[in-house]
Amino acid sequence: MKYRTMGKLGIQTSAFGLGCMRFNGAASEDSVIDEEKAIRLIRQAIDGGVTYLDTAYVYLDKTSEIVLGKALRDGYRDRVNIATKMPAEFVHNREEMEALLESELKKLQTDHIDFYLMHGINREKWEYFKSIGAPEFFDDMKKAGKIRYKCFSFHGPYDEFEYILKDCDWDMVQIQYNFMDINNQAGTKGLELAGSLGIPVVIMEGMLGGRLAKAPDNVQALYDAFQVKRTPVEWAFRWLCNHPEVSVVLSGCNEAEQIAENLRIFDTVEAGIMTAEELQLIDDVRAAYISRTKIGCTGCRYCMPCPNGVDIPGVFSVWNNFSLYQIDPKTDWGMTTIRKNGSGADKCIACGACEAACPQHLSIIEGLQDAWKDIGSGAD
Ligand SMILES: NC(=O)c1ccc[n+]([C@@H]2O[C@H](COP(=O)([O-])OP(=O)(O)OC[C@H]3O[C@@H](n4cnc5c(N)ncnc54)[C@H](OP(=O)(O)O)[C@@H]3O)[C@@H](O)[C@H]2O)c1
């Protein structure tokens with residue numbers, strides 16, 4: 001296992017951090033966590049050198065913290081840093097923040113949390129957290145020894161990331177980042193900004209939630225043609241760890257084999273090790289993925305609301321996911337929402353209001369028809 005220094009904090013961490021959000025495929029609607037297996041996986045990772053574990057209050061129907069707490073008995077707690085999170089939805093004042101943190105400490109069977117994050121914030125959620133005094137609460141909990149570091153995880157556009165990052169004295173930030181997301185969310189710009197401020201960066205969705213693990217044919221052909229043979233997983237992690245600003249790459253593993261493979265990969269990865277040819281390969285791979293894009297919808301939502309209730313960006317996102325990453329529409333969360341809201345492309349009456357509003361000048365009506373031919377059965 002390679003270890004890295006966490007920016008201005010100066011502490012060491014394993015480059016591979018285990019994400020505790022996906023055990024037993026429990027990211028689907030009705031699955032139940034297999035506790036014994038999850039505990040085995042967590043201990044396998046720690047025994048292999050992992051010192052960073054990421055969970056959250058809400059993961060796995062609020063059971064992830066409980067399972068992690070059990071896994072960290074028998075001396076495992078002292079070997080690792082725990083990151084967990086406060087969700088804005090469950091707290092409205094200081095008393096509720098105190099109660100929530102206490103319940104997390106209890107579930108995790110520990111007297112302190114190392115990295116405590118405001119969960120999945122954008123500017124709106126950050127303003128909310130400020131309005132209920134969360135930054136002061138985090139500072140007080142640091143002084144009381146109940147948390148060690150004040151952090152946030154982020155999902156939103158770059159400008160909001162920059163605003164939040166500079167608006168508070170953060171100890172760490174967690175962002176979604178992978179070779180397909182260089183210009184999405186915080187992106188490379190956000191990673192480098194945090195790095196320039198000495199704020200350690202933890203990466204989530206480094207494999208785009210597993211999508212980059214299985215390459216489509218045109219991408220696999222590029223990997224196969226390269227002089228050095230590596231799996232898509234290894235390329236994705238190697239590319240992330242090549243960035244000196246990255247402290248930890250989280251990966252939510254479901255199987256012992258995945259943990260074993262990731263332990264092997266994170267034995268070899270270091271900042272700055274990729275050659276110019278390897279970096280070019282990843283650029284080519286990105287372009288090969290992008291060439292599979294069905295429609296260039298940026299999700300700006302200028303077309304919304306559709307007068308007839310079609311979730312236009314949602315439909316296009318499922319369609320692009322299907323083509324780029326071979327995500328079956330039946331299991332795509334976007335399609336679950338569309339199904340629930342009855343907002344599929346079959347509702348389109350071709351009024352054209354969307355096309356008049358689209359800054360990309362997309363042929364939305366035709367696109368919706370084509371999309372629904374490909375993915376519409378996923379809505380049944
Ligand atoms: N704070 C937030 O807002 C937030 C949001 C998202 C995630 N997170 C945290 O970040 C962690 C990491 O995100 P993530 O789980 O999305 O990470 P990820 O690495 O992008 O995706 C994890 C998935 O990648 C696949 N995978 C991992 N290692 C593999 C291997 N060696 N071979 C083949 N497939 C492999 C597995 O997919 P399969 O299951 O398909 O096999 C696994 O479930 C989460 O677990 C969670 O703790 C936080």
# chains A, B, ... in the order shown; residues from 1 in each chain; ligands from 1
$ select_by_dssp --residues "stretch 232-295 of chain A" --states "strand (DSSP E)" --output "ChimeraX atom specification"
/A:246-251
$ write_last_selection --atoms "C-alpha atoms" --output "PDB file, in the first residue's frame"
ATOM      1  CA  VAL A 246      -5.107  13.630  -4.430  1.00  0.00           C
ATOM      2  CA  SER A 247      -4.703  12.243  -0.913  1.00  0.00           C
ATOM      3  CA  VAL A 248      -7.150   9.340  -0.899  1.00  0.00           C
ATOM      4  CA  VAL A 249      -9.073   7.538  -3.631  1.00  0.00           C
ATOM      5  CA  LEU A 250     -12.228   5.967  -2.259  1.00  0.00           C
ATOM      6  CA  SER A 251     -13.602   2.853  -3.805  1.00  0.00           C
TER       7      SER A 251
END
$ residues_near_ligand --ligand "ligand 1" --cutoff "7 Å" --atoms "only C-alpha atoms and all ligand atoms" --output "VMD selection string"
chain A and resid 18 to 22 25 54 to 55 119 to 120 153 to 155 174 204 to 211 213 233 250 to 254 257 to 259 261 to 262
$ write_last_selection --atoms "N, CA and C atoms" --output "compact mmCIF listing (two decimals), in the first residue's frame"
# COMPACT_ATOMS: atom_id res chain seq x y z
N LEU A 18 -11.46 2.82 1.74
CA LEU A 18 -12.62 1.96 1.46
C LEU A 18 -13.92 2.75 1.66
N GLY A 19 -14.74 2.79 0.62
CA GLY A 19 -16.07 3.41 0.71
C GLY A 19 -17.06 2.39 1.23
N CYS A 20 -17.87 2.79 2.19
CA CYS A 20 -18.79 1.83 2.82
C CYS A 20 -20.24 2.10 2.40
N MET A 21 -20.43 2.41 1.13
CA MET A 21 -21.75 2.78 0.62
C MET A 21 -22.37 1.70 -0.25
N ARG A 22 -21.56 0.77 -0.69
CA ARG A 22 -22.04 -0.13 -1.74
C ARG A 22 -22.02 -1.60 -1.35
N GLY A 25 -24.20 -4.78 -2.97
CA GLY A 25 -25.07 -4.21 -4.00
C GLY A 25 -26.22 -3.44 -3.42
N ASP A 54 -14.63 5.41 4.66
CA ASP A 54 -15.63 6.46 4.45
C ASP A 54 -17.04 5.90 4.56
N THR A 55 -17.83 6.50 5.45
CA THR A 55 -19.23 6.11 5.55
C THR A 55 -20.07 7.38 5.66
N HIS A 119 -22.47 16.79 4.32
CA HIS A 119 -22.63 15.76 3.27
C HIS A 119 -23.20 16.32 1.96
N GLY A 120 -22.45 16.07 0.89
CA GLY A 120 -22.96 16.33 -0.47
C GLY A 120 -23.48 17.74 -0.66
N SER A 153 -18.23 17.23 1.65
CA SER A 153 -18.22 16.56 0.35
C SER A 153 -19.12 17.37 -0.56
N PHE A 154 -18.78 17.34 -1.84
CA PHE A 154 -19.37 18.31 -2.77
C PHE A 154 -19.95 17.66 -4.01
N HIS A 155 -21.14 18.11 -4.37
CA HIS A 155 -21.72 17.80 -5.68
C HIS A 155 -22.35 19.08 -6.21
N GLN A 174 -13.99 16.45 -0.09
CA GLN A 174 -14.19 15.22 -0.86
C GLN A 174 -14.96 15.57 -2.14
N MET A 204 -14.14 10.66 -4.52
CA MET A 204 -15.21 9.66 -4.59
C MET A 204 -15.58 9.45 -6.06
N GLU A 205 -16.23 8.32 -6.32
CA GLU A 205 -16.65 7.99 -7.68
C GLU A 205 -15.48 7.98 -8.66
N GLY A 206 -14.34 7.53 -8.18
CA GLY A 206 -13.15 7.49 -9.02
C GLY A 206 -13.31 6.57 -10.22
N MET A 207 -14.23 5.62 -10.08
CA MET A 207 -14.52 4.69 -11.17
C MET A 207 -15.90 5.00 -11.72
N LEU A 208 -16.34 6.21 -11.47
CA LEU A 208 -17.68 6.65 -11.88
C LEU A 208 -18.73 5.63 -11.42
N GLY A 209 -18.62 5.29 -10.14
CA GLY A 209 -19.56 4.34 -9.56
C GLY A 209 -19.45 2.95 -10.18
N GLY A 210 -18.29 2.60 -10.72
CA GLY A 210 -18.08 1.27 -11.31
C GLY A 210 -18.20 1.28 -12.83
N ARG A 211 -18.70 2.39 -13.40
CA ARG A 211 -18.94 2.41 -14.85
C ARG A 211 -17.67 2.28 -15.67
N ALA A 213 -15.18 0.49 -14.96
CA ALA A 213 -14.54 -0.83 -14.76
C ALA A 213 -14.74 -1.74 -15.96
N VAL A 233 -9.77 -0.83 -14.52
CA VAL A 233 -9.77 -0.37 -13.12
C VAL A 233 -8.40 0.20 -12.77
N LEU A 250 -11.26 6.90 -2.84
CA LEU A 250 -12.23 5.97 -2.26
C LEU A 250 -12.71 5.00 -3.32
N SER A 251 -12.95 3.79 -2.91
CA SER A 251 -13.60 2.85 -3.80
C SER A 251 -14.51 1.99 -2.96
N GLY A 252 -15.75 1.90 -3.39
CA GLY A 252 -16.72 1.07 -2.67
C GLY A 252 -16.74 -0.32 -3.25
N CYS A 253 -16.10 -1.26 -2.58
CA CYS A 253 -15.97 -2.61 -3.15
C CYS A 253 -17.03 -3.55 -2.58
N ASN A 254 -17.49 -4.46 -3.42
CA ASN A 254 -18.52 -5.44 -3.03
C ASN A 254 -17.98 -6.83 -2.79
N GLU A 257 -12.49 -10.13 -4.09
CA GLU A 257 -11.59 -10.06 -5.26
C GLU A 257 -11.33 -8.61 -5.64
N GLN A 258 -12.37 -7.77 -5.54
CA GLN A 258 -12.19 -6.35 -5.89
C GLN A 258 -11.23 -5.69 -4.89
N ILE A 259 -11.40 -6.00 -3.62
CA ILE A 259 -10.50 -5.42 -2.62
C ILE A 259 -9.07 -5.89 -2.88
N GLU A 261 -7.73 -6.87 -5.66
CA GLU A 261 -7.17 -6.22 -6.85
C GLU A 261 -6.78 -4.76 -6.54
N ASN A 262 -7.67 -4.08 -5.81
CA ASN A 262 -7.37 -2.68 -5.51
C ASN A 262 -6.15 -2.54 -4.59
$ closest_residue --among "A:Asp380, A:Asp139, A:Glu245, A:Asp111" --to "A:Thr5" --atoms "only C-alpha atoms"
A:Glu245
